[in-house]
Amino acid sequence: MEHQLIIARYGEIGLKSPKIRSKFERKLVSNIKESFDCEIDRNQGRIYIFPKNFDEAISKLDKIFGIVSYSPAIVCDTDFEDIEEKLSNYVDKLSQKDLINSKTRFAIRCRRVGEHDFSSQELAAYCGSVVVSKLSCPVDLTNPEFIIYVEVRDNETYIFHEKIPGPGGLPLGTQGKVISLLSSGIDSPVSTYLMMKRGCEIIALHFDNEPYTTNKVRDNYEELVDALNVYSSGSPIEKKIVKYGDYLKKCKNDAPEKMTCVLCKSGMYKTASELAKEIGAQAIVDGSSVGQVASQTLQNILSTRIGVEMPILSPLIGLDKREIEKIASKIGTFEISKKDDGGCKAVPKYPETKAEISRVLDAQENMNQKEEIEKILKKII
């Protein structure tokens, strides 16, 4: 099928005020152009893409946030004779590809923008007659097996048969910068992806727990960033790594062993908070899901966040493991996260599940947490 352009559609951008909508449209256009070589026109809630390489464009548009759907299309004049000619040729090519035949129940879906001397119903009926005259296939407006779309935009008319789903969301880079705590596990890459989908630029902060973890954890982190960067057109993910082993050693030596995971998470939040202030990030993101592990009981979620001077966003908070894994599989991070990296040897046999705030504050003081975090911040790479 020799298409001439791709029509891209957005969703909630259209609900914004004219000023914000225009700003978001421009960012979306910029992100598309960063992803592949193309020319783009914007008009009346549609983005018209003229790619140099159609196959490349089709392979990348479903990874650009802000796009709800897109359609490879042909264009003709808004004139019944030209529409008939182009539609007739289009149907021929559909038939050659065995997408439609004389037994296929079909429908025409028509919409208009602008002033015209015909209604959408009249144009749909006319286009339907063109298809019937070519293939003698039956019309079924209620339950069609195949739909051909005819979209009239002033002096030009577009014909297409596909509406390919995009990822939706908001254009990446429209909602500020966040620090995402990215481990090598399943949850944190999914939470990172969901914040990217909401338009946030990502700084992926990884805590290297060596000697309590192996180099495989760091390798998996690097692979996960690469996998997520497939979706980062316009705002590539920035990587930051914290040497965290000495901090964990301090936790184990100078605080109750069962508090290790609580103090570990608390230290991560506070380190991320201080880094956020330095680089202008506006929130911290993590992969917490209520009750999933010991550090994610409601009491521990509260206790680990005491004293953190930055919003902490947990987009997975109400999802169960199966729901998270489904998203991970869809976005291409699940197989990476499943790799055996040896786990963390600092985890105590019986971790604290109901850490009282007073005991957490005492443990933080006993291990000189503030001083340890100051040391950590000097080692971020």
# chains A, B, ... in the order shown; residues from 1 in each chain; ligands from 1
$ select_by_dssp --residues "range 45-203 of chain A" --states "alpha helix (DSSP H)" --output "PyMOL selection string"
chain A and resi 54-61+80-96+120-135+187-197
$ closest_atom_pairs --of "range 141-222 of chain A" --to "range 58-67 of chain A" --cutoff "6 Å" --atoms "only C-alpha atoms" --output "Markdown table"
| residue | atom | partner | partner_atom | distance |
| --- | --- | --- | --- | --- |
| A:Gly166 | CA | A:Asp62 | CA | 4.4 |
| A:Pro167 | CA | A:Phe65 | CA | 5.6 |
| A:Gly168 | CA | A:Gly66 | CA | 4.8 |
| A:Gly169 | CA | A:Gly66 | CA | 4.8 |
| A:Leu170 | CA | A:Gly66 | CA | 4.3 |
| A:Pro171 | CA | A:Gly66 | CA | 4.6 |
| A:Lys197 | CA | A:Phe65 | CA | 5.7 |
$ write_last_selection --atoms "N, CA and C atoms" --output "PDB file, in the first residue's frame"
ATOM      1  N   GLY A 166      -1.730   4.112  19.742  1.00  0.00           N
ATOM      2  CA  GLY A 166      -0.492   4.650  20.272  1.00  0.00           C
ATOM      3  C   GLY A 166      -0.467   4.472  21.776  1.00  0.00           C
ATOM      4  N   PRO A 167       0.586   4.927  22.455  1.00  0.00           N
ATOM      5  CA  PRO A 167       0.682   4.732  23.907  1.00  0.00           C
ATOM      6  C   PRO A 167      -0.170   5.698  24.717  1.00  0.00           C
ATOM      7  N   GLY A 168      -0.670   6.785  24.085  1.00  0.00           N
ATOM      8  CA  GLY A 168      -1.460   7.761  24.817  1.00  0.00           C
ATOM      9  C   GLY A 168      -0.601   8.594  25.757  1.00  0.00           C
ATOM     10  N   GLY A 169      -1.237   9.142  26.775  1.00  0.00           N
ATOM     11  CA  GLY A 169      -0.520   9.956  27.746  1.00  0.00           C
ATOM     12  C   GLY A 169      -0.263  11.372  27.254  1.00  0.00           C
ATOM     13  N   LEU A 170       0.773  11.990  27.833  1.00  0.00           N
ATOM     14  CA  LEU A 170       1.164  13.356  27.499  1.00  0.00           C
ATOM     15  C   LEU A 170       2.551  13.351  26.869  1.00  0.00           C
ATOM     16  N   PRO A 171       2.851  14.315  26.017  1.00  0.00           N
ATOM     17  CA  PRO A 171       4.172  14.346  25.386  1.00  0.00           C
ATOM     18  C   PRO A 171       5.296  14.397  26.418  1.00  0.00           C
ATOM     19  N   LYS A 197       5.020   8.282  30.621  1.00  0.00           N
ATOM     20  CA  LYS A 197       3.735   8.398  29.917  1.00  0.00           C
ATOM     21  C   LYS A 197       2.970   9.640  30.356  1.00  0.00           C
TER      22      LYS A 197
END
$ select_by_dssp --residues "range 158-268 of chain A" --states "strand (DSSP E)" --output "ChimeraX atom specification"
/A:158-160,164-165,177-181,201-208,238-243
$ closest_atom_pairs --of "range 15-93 of chain A" --to "range 109-122 of chain A" --cutoff "12 Å" --atoms "only C-alpha atoms" --output "JSON lines"
{"residue": "A:Asn43", "atom": "CA", "partner": "A:Val113", "partner_atom": "CA", "distance": 10.7}
{"residue": "A:Gln44", "atom": "CA", "partner": "A:Val113", "partner_atom": "CA", "distance": 8.5}
{"residue": "A:Gly45", "atom": "CA", "partner": "A:Val113", "partner_atom": "CA", "distance": 10.6}
{"residue": "A:Arg46", "atom": "CA", "partner": "A:Val113", "partner_atom": "CA", "distance": 11.3}
{"residue": "A:Thr78", "atom": "CA", "partner": "A:His116", "partner_atom": "CA", "distance": 9.1}
{"residue": "A:Asp79", "atom": "CA", "partner": "A:His116", "partner_atom": "CA", "distance": 10.3}
{"residue": "A:Phe80", "atom": "CA", "partner": "A:Phe118", "partner_atom": "CA", "distance": 10.2}
$ residues_around --residues "Ser288 in chain A" --least-positions-apart "6" --cutoff "10 Å" --atoms "only C-alpha atoms" --output "list in words"
Asp187, Ser188, Ser191, Ser295, Gln296, Thr297, Ile301, Leu313, Ser314, Pro315, Leu316, Ile317, Gly318 and Leu319 of chain A
$ closest_residue --among "A:Asp320, A:Val347, A:Glu309, A:Thr333" --to "Lys252 in chain A" --atoms "only C-alpha atoms"
A:Val347
$ residues_around --residues "Ile376 in chain A" --least-positions-apart "5" --cutoff "10 Å" --atoms "only C-alpha atoms" --output "list in words"
Val242, Lys243, Tyr244, Gly245, Asp246, Tyr247, Gly267, Thr271, Lys370 and Glu371 of chain A
